[in-house]
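Scroll down for the structure; my scribbles are underneath it.
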Amino acid sequence: MARNAEKAMTTLARWRAAKEAESGEKDRRPYLASECSSLPKCEKYRLEIIREISKKVAQIQNAGLGEFRIRDLNDEINKLLREKRHWENQISALGGPHYRRYGPKMFDAEGREVPGNRGYKYFGAAKDLPGVRELFEQEPPAPQRKTRAELMKDIDAEYYGYRDDDDGTLIPIEDRIERIAIQKALHEWKEKMSRDGHIDEEEEEEIYGSLKATNDDTAETGDTEDMIASTTAVTDPLEMLAPRFTAHVPVPTQKDIEEALLKKRKQELLEKYVGTD
């Protein structure tokens, strides 16, 4: 009785397959994903591959299938995974969703790669096969160390920072930071002046010390009062922040220069007239 039922089911299956072939309901999946230019068909073929992978991953969990059958199933699963990636790339090229970038990693947790050998995964009972278990137990190879010559090959003037200003981005940043620092210093100085109403003690000692030294040098000319007035009249913060310079030699005034020129002119006229006589 069971034999007759099996024959009936086989006959029905054949009849169904013939009808699908006649009506074109079941299209054969192309060998290359690039041959299909229809986005809905690419989506359908991708789902077919996912169903086949799910079925084979469920089958490979049975360790009683035998070593050869397990190896064949593992090879078929890896082949289907590569084919799935090709169809996902074709879907992205046709304007569909990027499954490889945003899609869920459905079978990544099931498979396991051998350290140092990327691309081929072992699923289910294939991870316990003879020769495969030892591969998972061994440590991954250490990365190869570079020699001194390889390390020195990429060292040039840019490594030492000599070309930092060539790109045109560092100088504007430094100028902006410098302006910010100057504005901050001015703001703090103005707050201090408005709060205290005078210069602090250290600045007063420095100013009065310089005035005392200048007073000794300029006591004969009588310009001490003018210098004190000009020093106390400085209200520009930028001038206060500017560095102070000290003259270690006597600097002639405008009056001294005029007297020297007049004396030289008299000497030239005197020599001229004395020579003519």
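Labels used: A, B, ... for chains in the order of the structure tokens, numbers from 1 for residues in each chain, and numbers from 1 for ligands as shown.
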
Excluding Lys56 in chain A and its own-chain neighbours fewer than 4 positions away, which residues fall within 12 Å of it when counting only C-alpha atoms? Please give them as a CSV table (one decimal) with N, CA and C atoms, in the first residue's frame.
```csv
chain,number,residue,atom,x,y,z
A,49,ILE,N,18.6,31.0,-2.3
A,49,ILE,CA,19.9,30.6,-1.8
A,49,ILE,C,19.9,30.6,-0.2
A,50,ILE,N,19.3,31.5,0.4
A,50,ILE,CA,19.2,31.5,1.9
A,50,ILE,C,18.5,30.3,2.4
A,51,ARG,N,17.4,29.9,1.7
A,51,ARG,CA,16.7,28.7,2.1
A,51,ARG,C,17.5,27.5,2.0
A,52,GLU,N,18.3,27.4,0.9
A,52,GLU,CA,19.1,26.2,0.7
A,52,GLU,C,20.2,26.2,1.8
A,60,ILE,N,23.9,19.6,8.6
A,60,ILE,CA,25.3,19.3,9.0
A,60,ILE,C,25.4,19.2,10.5
A,61,GLN,N,24.4,19.6,11.2
A,61,GLN,CA,24.5,19.4,12.7
A,61,GLN,C,24.5,18.0,13.1
A,62,ASN,N,24.1,17.1,12.3
A,62,ASN,CA,24.0,15.6,12.6
A,62,ASN,C,25.4,15.0,12.4
A,69,ARG,N,30.3,12.8,4.0
A,69,ARG,CA,29.0,13.6,3.8
A,69,ARG,C,29.1,15.0,4.5
A,70,ILE,N,29.7,15.0,5.6
A,70,ILE,CA,29.8,16.3,6.4
A,70,ILE,C,30.7,17.2,5.6
A,71,ARG,N,31.8,16.7,5.1
A,71,ARG,CA,32.7,17.6,4.3
A,71,ARG,C,32.1,18.1,3.0
A,72,ASP,N,31.3,17.2,2.4
A,72,ASP,CA,30.6,17.7,1.2
A,72,ASP,C,29.5,18.8,1.5
A,73,LEU,N,28.8,18.6,2.6
A,73,LEU,CA,27.8,19.6,3.0
A,73,LEU,C,28.5,20.9,3.3
A,74,ASN,N,29.7,20.8,4.0
A,74,ASN,CA,30.4,22.1,4.4
A,74,ASN,C,30.9,22.8,3.1
A,75,ASP,N,31.3,22.1,2.2
A,75,ASP,CA,31.8,22.7,0.9
A,75,ASP,C,30.6,23.4,0.2
A,76,GLU,N,29.4,22.7,0.2
A,76,GLU,CA,28.3,23.2,-0.5
A,76,GLU,C,27.8,24.5,0.2
A,77,ILE,N,27.9,24.5,1.6
A,77,ILE,CA,27.4,25.7,2.3
A,77,ILE,C,28.3,26.9,2.0
A,78,ASN,N,29.7,26.7,1.9
A,78,ASN,CA,30.6,27.8,1.6
A,78,ASN,C,30.4,28.2,0.2
A,79,LYS,N,30.1,27.3,-0.8
A,79,LYS,CA,29.8,27.7,-2.1
A,79,LYS,C,28.5,28.6,-2.2
A,80,LEU,N,27.5,28.2,-1.5
A,80,LEU,CA,26.3,29.0,-1.5
A,80,LEU,C,26.5,30.3,-0.8
A,81,LEU,N,27.3,30.4,0.2
A,81,LEU,CA,27.6,31.7,0.8
A,81,LEU,C,28.3,32.7,-0.2
A,107,PHE,N,24.5,33.8,9.1
A,107,PHE,CA,25.2,32.6,9.3
A,107,PHE,C,26.6,32.8,9.8
A,110,GLU,N,27.1,30.9,13.0
A,110,GLU,CA,27.2,29.4,12.9
A,110,GLU,C,28.5,28.9,12.5
A,123,PHE,N,31.0,24.5,9.7
A,123,PHE,CA,29.7,24.6,10.3
A,123,PHE,C,29.4,23.3,11.0
A,124,GLY,N,28.7,23.4,12.1
A,124,GLY,CA,28.1,22.2,12.8
A,124,GLY,C,29.2,21.1,13.1
A,125,ALA,N,28.9,19.9,12.7
A,125,ALA,CA,29.8,18.8,13.0
A,125,ALA,C,31.1,18.9,12.2
```

Which of range 130-169 of chain A end up as helix (DSSP H, G or I) when DSSP is run on this backbone - answer as a PDB file with C-alpha atoms, in the first residue's frame?
```pdb
ATOM      1  CA  VAL A 132      39.971  20.417  11.685  1.00  0.00           C
ATOM      2  CA  ARG A 133      39.830  20.301  15.471  1.00  0.00           C
ATOM      3  CA  GLU A 134      43.620  20.603  15.654  1.00  0.00           C
ATOM      4  CA  LEU A 135      43.529  23.689  13.443  1.00  0.00           C
ATOM      5  CA  PHE A 136      41.250  25.465  15.884  1.00  0.00           C
ATOM      6  CA  GLU A 137      43.373  24.472  18.866  1.00  0.00           C
ATOM      7  CA  ARG A 148      64.894  48.292  10.134  1.00  0.00           C
ATOM      8  CA  ALA A 149      65.226  48.900   6.389  1.00  0.00           C
ATOM      9  CA  GLU A 150      61.463  48.504   5.910  1.00  0.00           C
ATOM     10  CA  LEU A 151      60.777  50.883   8.784  1.00  0.00           C
ATOM     11  CA  MET A 152      63.186  53.515   7.441  1.00  0.00           C
ATOM     12  CA  LYS A 153      61.784  53.269   3.915  1.00  0.00           C
TER      13      LYS A 153
END
```

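The two atoms in question, CA of Tyr159 in chain A and CA of Lys146 in chain A, are spaced 18.0 Å apart.
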
Report the residues of range 60-189 of chain A whose backbone DSSP state falls under strand (DSSP E), written as a ChimeraX atom specification.
/A:112-114,117-122

Export of prior selection with N, CA, C and O atoms as an mmCIF file, in the first residue's frame:
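Contents of the output file result_27.cif:
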```
data_model
loop_
_atom_site.group_PDB
_atom_site.id
_atom_site.type_symbol
_atom_site.label_atom_id
_atom_site.label_comp_id
_atom_site.auth_asym_id
_atom_site.auth_seq_id
_atom_site.Cartn_x
_atom_site.Cartn_y
_atom_site.Cartn_z
ATOM 1 N N ARG A 112 32.722 29.043 11.586
ATOM 2 C CA ARG A 112 33.942 29.426 12.284
ATOM 3 C C ARG A 112 35.109 29.289 11.321
ATOM 4 O O ARG A 112 35.231 28.277 10.619
ATOM 5 N N GLU A 113 35.950 30.305 11.284
ATOM 6 C CA GLU A 113 37.093 30.309 10.392
ATOM 7 C C GLU A 113 38.337 29.824 11.121
ATOM 8 O O GLU A 113 38.494 30.052 12.323
ATOM 9 N N VAL A 114 39.217 29.183 10.360
ATOM 10 C CA VAL A 114 40.493 28.738 10.918
ATOM 11 C C VAL A 114 41.399 29.964 11.056
ATOM 12 O O VAL A 114 41.468 30.788 10.140
ATOM 13 N N ASN A 117 43.340 31.724 8.044
ATOM 14 C CA ASN A 117 42.770 31.301 6.760
ATOM 15 C C ASN A 117 41.361 31.862 6.670
ATOM 16 O O ASN A 117 40.390 31.230 7.095
ATOM 17 N N ARG A 118 41.218 33.041 6.114
ATOM 18 C CA ARG A 118 39.920 33.696 6.041
ATOM 19 C C ARG A 118 39.193 33.281 4.769
ATOM 20 O O ARG A 118 39.804 32.993 3.748
ATOM 21 N N GLY A 119 37.857 33.271 4.864
ATOM 22 C CA GLY A 119 37.031 32.993 3.693
ATOM 23 C C GLY A 119 36.316 31.665 3.745
ATOM 24 O O GLY A 119 35.197 31.544 3.243
ATOM 25 N N TYR A 120 36.926 30.650 4.342
ATOM 26 C CA TYR A 120 36.313 29.317 4.413
ATOM 27 C C TYR A 120 35.905 29.053 5.857
ATOM 28 O O TYR A 120 36.715 29.168 6.779
ATOM 29 N N LYS A 121 34.629 28.686 6.057
ATOM 30 C CA LYS A 121 34.090 28.458 7.387
ATOM 31 C C LYS A 121 33.672 27.002 7.560
ATOM 32 O O LYS A 121 33.332 26.322 6.592
ATOM 33 N N TYR A 122 33.688 26.584 8.806
ATOM 34 C CA TYR A 122 33.264 25.229 9.168
ATOM 35 C C TYR A 122 31.997 25.344 10.004
ATOM 36 O O TYR A 122 31.927 26.123 10.961
#
```

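Straight-line separation from CA of Ala126 in chain A to CA of Tyr31 in chain A: 27.0 Å.
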